[in-house]
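Shown next: model-v7.txt, given as compact mmCIF, C-alpha atoms.
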# COMPACT_ATOMS: atom_id res chain seq x y z
CA MET A 1 15.46 4.44 7.22
CA ASN A 2 15.15 7.75 5.41
CA VAL A 3 11.57 9.03 5.03
CA GLN A 4 11.16 11.48 2.16
CA THR A 5 7.78 13.10 1.55
CA LYS A 6 5.91 15.07 -1.10
CA LYS A 7 2.51 16.69 -0.55
CA ILE A 8 -0.07 16.73 -3.33
CA LYS A 9 -3.63 18.06 -3.42
CA ILE A 10 -6.51 16.01 -4.83
CA ARG A 11 -10.11 17.26 -4.64
CA GLN A 12 -9.05 19.80 -2.01
CA GLU A 13 -7.55 17.09 0.21
CA ILE A 14 -3.85 16.92 1.10
CA PHE A 15 -2.06 13.62 0.63
CA THR A 16 1.56 13.09 1.63
CA LEU A 17 3.39 10.63 -0.59
CA THR A 18 6.46 8.89 0.82
CA ASN A 19 9.45 7.09 -0.61
CA GLN A 20 8.48 4.19 1.69
CA ARG A 21 5.60 3.02 -0.53
CA ALA A 22 2.74 4.52 1.49
CA LEU A 23 0.85 7.79 1.79
CA PHE A 24 -0.69 9.77 4.62
CA TRP A 25 -4.11 11.41 4.31
CA GLU A 26 -3.94 14.38 6.65
CA GLU A 27 -7.65 15.09 7.08
CA GLN A 28 -8.45 11.45 7.89
CA LYS A 29 -5.26 10.89 9.92
CA ALA A 30 -4.87 7.69 7.92
CA LEU A 31 -1.75 5.88 6.75
CA ILE A 32 -2.72 4.19 3.48
CA LEU A 33 -0.84 1.43 1.68
CA SER A 34 -1.47 -1.56 -0.55
CA ASP A 35 -0.16 -5.02 -1.38
CA LEU A 36 1.75 -6.17 1.68
CA HIS A 37 1.40 -9.81 0.61
CA ILE A 38 2.00 -11.08 4.13
CA GLY A 39 2.81 -14.79 3.99
CA LYS A 40 4.44 -14.76 0.58
CA THR A 41 7.86 -15.82 1.87
CA ALA A 42 6.31 -18.59 4.02
CA HIS A 43 4.34 -19.76 0.98
CA PHE A 44 7.56 -20.01 -1.05
CA ARG A 45 9.33 -21.88 1.76
CA LYS A 46 6.42 -24.33 1.99
CA ASN A 47 6.90 -25.03 -1.70
CA GLY A 48 10.61 -25.74 -1.39
CA ILE A 49 12.07 -22.32 -2.20
CA ALA A 50 14.34 -21.12 0.58
CA LEU A 51 13.61 -17.50 1.44
CA ALA A 52 14.48 -15.71 4.66
CA ASN A 53 11.54 -14.18 6.48
CA GLN A 54 13.74 -11.12 7.00
CA ILE A 55 11.97 -9.79 3.90
CA MET A 56 8.70 -9.50 5.80
CA LYS A 57 10.47 -8.25 8.94
CA ASN A 58 11.90 -5.39 6.88
CA ASP A 59 8.43 -4.50 5.55
CA LEU A 60 6.98 -4.43 9.06
CA GLU A 61 9.90 -2.37 10.35
CA ARG A 62 9.25 0.21 7.62
CA LEU A 63 5.58 0.25 8.54
CA SER A 64 6.44 0.82 12.22
CA ILE A 65 8.68 3.74 11.31
CA LEU A 66 5.90 5.30 9.23
CA ILE A 67 3.46 4.92 12.13
CA GLU A 68 5.92 6.67 14.44
CA TYR A 69 6.56 9.37 11.82
CA PHE A 70 2.94 10.27 11.02
CA LYS A 71 1.17 9.26 14.25
CA PRO A 72 -1.97 8.10 12.38
CA GLU A 73 -5.23 7.12 14.04
CA LYS A 74 -5.73 4.28 11.56
CA PHE A 75 -3.93 2.45 8.83
CA VAL A 76 -5.73 1.23 5.74
CA VAL A 77 -4.55 -1.58 3.47
CA VAL A 78 -6.06 -1.21 0.00
CA GLY A 79 -6.05 -4.91 -0.83
CA ASP A 80 -3.74 -7.92 -0.77
CA LEU A 81 -2.80 -7.75 2.87
CA LEU A 82 -2.22 -11.50 2.58
CA HIS A 83 -0.72 -13.64 -0.14
CA ALA A 84 -1.82 -17.21 0.49
CA GLY A 85 -4.18 -17.37 3.45
CA ASP A 86 -3.03 -18.21 6.97
CA ASN A 87 0.54 -19.32 7.64
CA SER A 88 3.48 -18.68 10.00
CA ASP A 89 4.14 -15.22 8.54
CA VAL A 90 0.58 -14.23 9.43
CA ASP A 91 1.30 -15.17 13.06
CA GLU A 92 4.28 -12.83 13.00
CA PHE A 93 2.21 -10.05 11.48
CA CYS A 94 -0.46 -10.47 14.17
CA ALA A 95 2.19 -10.23 16.88
CA TRP A 96 3.40 -7.01 15.25
CA ARG A 97 -0.18 -5.71 15.00
CA ASN A 98 -0.72 -6.25 18.73
CA GLN A 99 1.90 -3.57 19.44
CA TYR A 100 -0.55 -1.01 18.03
CA SER A 101 -3.83 -2.00 19.68
CA ASN A 102 -4.95 1.66 19.81
CA LEU A 103 -4.55 1.99 16.03
CA GLN A 104 -7.57 1.12 13.92
CA PHE A 105 -6.88 -1.40 11.16
CA HIS A 106 -9.02 -1.25 8.00
CA LEU A 107 -8.76 -3.73 5.14
CA ILE A 108 -10.12 -3.29 1.64
CA GLU A 109 -10.21 -6.84 0.31
CA GLY A 110 -7.98 -7.74 -2.62
CA ASN A 111 -7.85 -10.79 -4.85
CA HIS A 112 -5.39 -12.54 -2.52
CA ASP A 113 -7.35 -11.86 0.68
CA ARG A 114 -9.08 -15.15 1.37
CA ILE A 115 -10.06 -14.48 4.97
CA SER A 116 -12.23 -16.75 7.09
CA LYS A 117 -14.10 -15.45 10.14
CA LYS A 118 -11.47 -17.10 12.34
CA LEU A 119 -8.63 -15.41 10.48
CA GLU A 120 -10.47 -12.07 10.50
CA SER A 121 -10.64 -12.24 14.28
CA LYS A 122 -6.97 -13.22 14.50
CA LEU A 123 -5.96 -10.21 12.40
CA CYS A 124 -7.79 -7.83 14.77
CA LEU A 125 -9.51 -5.98 11.93
CA ASN A 126 -11.73 -3.01 12.75
CA PHE A 127 -13.19 -2.86 9.25
CA LYS A 128 -13.23 -5.19 6.23
CA SER A 129 -15.05 -4.60 2.97
CA GLU A 130 -14.66 -4.70 -0.81
CA LEU A 131 -14.44 -0.90 -0.83
CA MET A 132 -14.53 2.08 1.50
CA GLU A 133 -16.20 5.39 0.70
CA VAL A 134 -14.77 8.45 2.43
CA GLU A 135 -16.27 11.78 1.36
CA ASP A 136 -15.47 12.24 -2.36
CA PHE A 137 -13.16 9.21 -2.49
CA ILE A 138 -13.45 5.45 -2.87
CA LEU A 139 -10.71 3.14 -1.64
CA ILE A 140 -10.76 -0.06 -3.67
CA HIS A 141 -8.14 -2.65 -4.60
CA ASP A 142 -8.46 -2.40 -8.40
CA PHE A 143 -9.89 0.47 -10.43
CA GLU A 144 -13.53 0.11 -11.55
CA LYS A 145 -14.94 2.41 -14.22
CA LYS A 146 -18.48 2.18 -12.86
CA HIS A 147 -17.65 4.37 -9.85
CA GLN A 148 -17.99 8.13 -10.23
CA LYS A 149 -15.90 9.15 -7.23
CA PHE A 150 -12.11 9.48 -7.24
CA GLN A 151 -10.52 6.08 -6.55
CA ILE A 152 -7.48 5.23 -4.44
CA THR A 153 -6.28 1.81 -5.63
CA GLY A 154 -3.48 -0.75 -5.59
CA HIS A 155 -3.17 -4.15 -7.25
CA ILE A 156 -0.93 -3.28 -10.22
CA HIS A 157 2.42 -2.77 -8.39
CA PRO A 158 3.28 0.22 -10.63
CA GLY A 159 6.85 0.82 -11.77
CA PHE A 160 8.63 3.35 -13.96
CA VAL A 161 11.66 2.72 -16.18
CA ILE A 162 14.54 5.19 -16.08
CA ASN A 163 17.13 4.88 -18.81
CA SER A 164 20.61 5.58 -17.51
CA ALA A 165 23.82 5.65 -19.50
CA VAL A 166 24.61 2.15 -18.25
CA LYS A 167 21.29 0.31 -17.96
CA LYS A 168 17.54 0.54 -17.53
CA ILE A 169 16.42 0.94 -13.93
CA LYS A 170 12.92 0.05 -12.70
CA LEU A 171 11.64 2.03 -9.74
CA PRO A 172 8.33 1.87 -7.85
CA CYS A 173 6.00 4.84 -8.17
CA PHE A 174 2.65 6.44 -7.45
CA VAL A 175 0.46 7.31 -10.45
CA VAL A 176 -2.12 10.11 -10.31
CA THR A 177 -4.75 10.69 -12.99
CA GLU A 178 -7.94 12.73 -13.15
CA ASN A 179 -9.88 10.05 -11.28
CA GLN A 180 -7.33 7.67 -9.71
CA LEU A 181 -4.42 7.54 -7.31
CA LEU A 182 -2.57 4.26 -7.83
CA LEU A 183 -0.41 3.14 -4.92
CA PRO A 184 2.88 1.25 -5.19
CA ALA A 185 3.09 -2.21 -3.65
CA PHE A 186 4.21 -1.75 -0.06
CA SER A 187 6.15 -5.00 0.12
CA GLU A 188 9.56 -4.86 -1.50
CA PHE A 189 9.12 -8.54 -2.40
CA THR A 190 6.94 -7.80 -5.44
CA GLY A 191 7.52 -7.30 -9.13
CA LEU A 192 6.94 -3.97 -10.87
CA ASP A 193 4.45 -3.52 -13.71
CA THR A 194 5.64 -0.83 -16.13
CA LYS A 195 3.09 -1.53 -18.88
CA ASN A 196 -0.47 -1.86 -17.52
CA LEU A 197 -0.61 1.59 -15.96
CA PRO A 198 -3.27 4.32 -16.13
CA LYS A 199 -3.02 6.58 -19.17
CA LYS A 200 -2.22 10.29 -18.98
CA GLY A 201 -0.98 10.06 -15.42
CA ARG A 202 1.57 11.96 -13.38
CA PHE A 203 4.25 9.66 -12.05
CA TYR A 204 5.84 10.13 -8.64
CA VAL A 205 8.93 7.94 -8.80
CA PHE A 206 11.01 7.41 -5.71
CA THR A 207 14.36 6.19 -4.52
CA ASP A 208 15.71 5.80 -0.99
CA SER A 209 16.56 9.49 -0.92
CA GLU A 210 14.17 11.38 -3.20
CA ILE A 211 10.74 11.59 -4.88
CA TYR A 212 10.62 12.79 -8.49
CA GLU A 213 7.54 14.03 -10.32
CA ILE A 214 7.57 12.94 -13.97

Could you take the file, read its structure, and then write that structure out as structure tokens?
Amino acid sequence: MNVQTKKIKIRQEIFTLTNQRALFWEEQKALILSDLHIGKTAHFRKNGIALANQIMKNDLERLSILIEYFKPEKFVVVGDLLHAGDNSDVDEFCAWRNQYSNLQFHLIEGNHDRISKKLESKLCLNFKSELMEVEDFILIHDFEKKHQKFQITGHIHPGFVINSAVKKIKLPCFVVTENQLLLPAFSEFTGLDTKNLPKKGRFYVFTDSEIYEI
């Protein structure tokens, strides 16, 4: 897996964007991502749609490589860690999580995160809340106008359309505005929203080999 990076500065803090759908916050030593949707493939299989769980294995492999690359002290999921509650894919995720017992695991709850006390314990969470305030920043699943601080969000699964000579290509992206950093969906098994995006934003569109600022 090829990790490409691009550093940007927001409110005097350095964030490293990656082409692997996550960012690293240097000051906090935190790997930050959103929308893993663990359990989505198992949910589809349960409902009669045959999908290989290799999709989730690939997501977790990418996450492991990012952990080795950045050596974070914690990783933060900005909502939708899960897709449909507890299922066999969650068991696999927990087994993966146990490889990194020294790494703090923080969850900002998203609309899919229906987590009982039993499941919370199973996931080995160090922190779970509807939002997290860190200095001049708020980490929250979906943008809320009522907050005055800069927001790091997910939820939308942002995408950008590139028109080539042959066809239109949709690519995942980060979007940065005056008061928001919108993360791409970490899981590759998600759609891309190219319409409901923040206005007047800078787009950081990425491929397997490059990150482009648009």

Which residue, A:Lys29, A:Glu188, A:Asp91, A:Glu133, has the smallest gap to A:Leu63 when you use all atoms listed in the file?
A:Glu188

Which value, in Å to one decimal, gives the distance between atom CA of A:Glu73 and atom CA of A:Met56?
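Distance reported for this atom pair: 23.2 Å.
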
Closest of A:Leu197, A:Phe105, A:Thr18, A:Thr5 to A:Ser121 - atom-to-atom distances counting only C-alpha atoms
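The closest residue to A:Ser121 is A:Phe105.
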
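Put simply, atom CA of A:Gly110 is 10.6 Å away from atom CA of A:Lys128.
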
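Closest approach to A:Leu171 among A:Leu107, A:Asn19, A:Arg202, A:Phe75 is made by A:Asn19 (distances from all atoms listed in the file).
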
What is the distance between atom CA of A:Leu60 and atom CA of A:Ile14, in Å to one decimal?
25.2 Å

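The smallest atom-to-atom distance between A:Met1 and any of A:Leu31, A:Ala22, A:Ile65, A:Cys94, using all atoms listed in the file, is found for A:Ile65.
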
Nearest-residue call for A:Gly154, choices A:Ala185, A:Leu36, A:Leu82, A:Cys173, using all atoms listed in the file
A:Ala185

Please write as a list in words the list of polymer residues whose atoms come within 6 Å of (-11.3, -6.4, 6.4), counting all atoms listed in the file and keeping to the coordinates of the file.
His106, Leu107, Ile108, Leu125, Phe127, Lys128 and Ser129 of chain A

Please produce a file of those selected residues containing C-alpha atoms, as a PDB file, in the coordinates of the input.
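Saved to selection04.pdb:
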ATOM      1  CA  HIS A 106      -9.020  -1.250   8.000  1.00  0.00           C
ATOM      2  CA  LEU A 107      -8.760  -3.730   5.140  1.00  0.00           C
ATOM      3  CA  ILE A 108     -10.120  -3.290   1.640  1.00  0.00           C
ATOM      4  CA  LEU A 125      -9.510  -5.980  11.930  1.00  0.00           C
ATOM      5  CA  PHE A 127     -13.190  -2.860   9.250  1.00  0.00           C
ATOM      6  CA  LYS A 128     -13.230  -5.190   6.230  1.00  0.00           C
ATOM      7  CA  SER A 129     -15.050  -4.600   2.970  1.00  0.00           C
TER       8      SER A 129
END

What lies within 12 Å of A:Ile169 using all atoms listed in the file, ignoring chain neighbours under 4 positions off, as a list in words?
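Listed by chain and then number, they are Gly159, Phe160, Val161, Ile162, Asn163, Ser164, Ala165, Leu192, Thr194, Val205, Phe206 and Thr207 of chain A.
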
Go ahead and find all residues with at least one atom no further than 10 Å from (6.8, 8.2, -0.8) in the file's coordinates, using only C-alpha atoms; report them as a ChimeraX atom specification.
/A:3-7,16-24,172-174,183-184,204-212

Would you mind telling me which residue in A:Asp193, A:Glu26, A:Glu135, A:Asp89 lies nearest to A:Lys71 when using all atoms listed in the file?
A:Glu26

All residues 8 Å or closer to A:Asp86, only C-alpha atoms, same chain fewer than 3 positions away omitted, as a list of chain:residue names
A:Gly39, A:Asp89, A:Val90, A:Leu119

Please list as an mmCIF file with C-alpha atoms, in the frame of the given file every residue within 8 Å of stretch 177-181 of chain A, counting all atoms listed in the file and excluding residues in the same chain fewer than 4 positions away.
data_model
loop_
_atom_site.group_PDB
_atom_site.id
_atom_site.type_symbol
_atom_site.label_atom_id
_atom_site.label_comp_id
_atom_site.auth_asym_id
_atom_site.auth_seq_id
_atom_site.Cartn_x
_atom_site.Cartn_y
_atom_site.Cartn_z
ATOM 1 C CA PHE A 143 -9.890 0.470 -10.430
ATOM 2 C CA LYS A 149 -15.900 9.150 -7.230
ATOM 3 C CA PHE A 150 -12.110 9.480 -7.240
ATOM 4 C CA GLN A 151 -10.520 6.080 -6.550
ATOM 5 C CA ILE A 152 -7.480 5.230 -4.440
ATOM 6 C CA THR A 153 -6.280 1.810 -5.630
ATOM 7 C CA PRO A 198 -3.270 4.320 -16.130
ATOM 8 C CA LYS A 199 -3.020 6.580 -19.170
ATOM 9 C CA LYS A 200 -2.220 10.290 -18.980
ATOM 10 C CA GLY A 201 -0.980 10.060 -15.420
ATOM 11 C CA ARG A 202 1.570 11.960 -13.380
#

For A:Ala95, work out the shell of residues within 12 Å, counting only C-alpha atoms and skipping chain neighbours fewer than 6 positions away, then give it as a short mmCIF file (atom, residue, chain, number, x, y, z; two decimals) with C-alpha atoms, keeping the file's coordinate frame.
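See around_36.cif below for the written result:
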data_model
loop_
_atom_site.label_atom_id
_atom_site.label_comp_id
_atom_site.auth_asym_id
_atom_site.auth_seq_id
_atom_site.Cartn_x
_atom_site.Cartn_y
_atom_site.Cartn_z
CA LYS A 57 10.47 -8.25 8.94
CA LEU A 60 6.98 -4.43 9.06
CA SER A 88 3.48 -18.68 10.00
CA ASP A 89 4.14 -15.22 8.54
CA SER A 101 -3.83 -2.00 19.68
CA LYS A 122 -6.97 -13.22 14.50
CA LEU A 123 -5.96 -10.21 12.40
CA CYS A 124 -7.79 -7.83 14.77
#
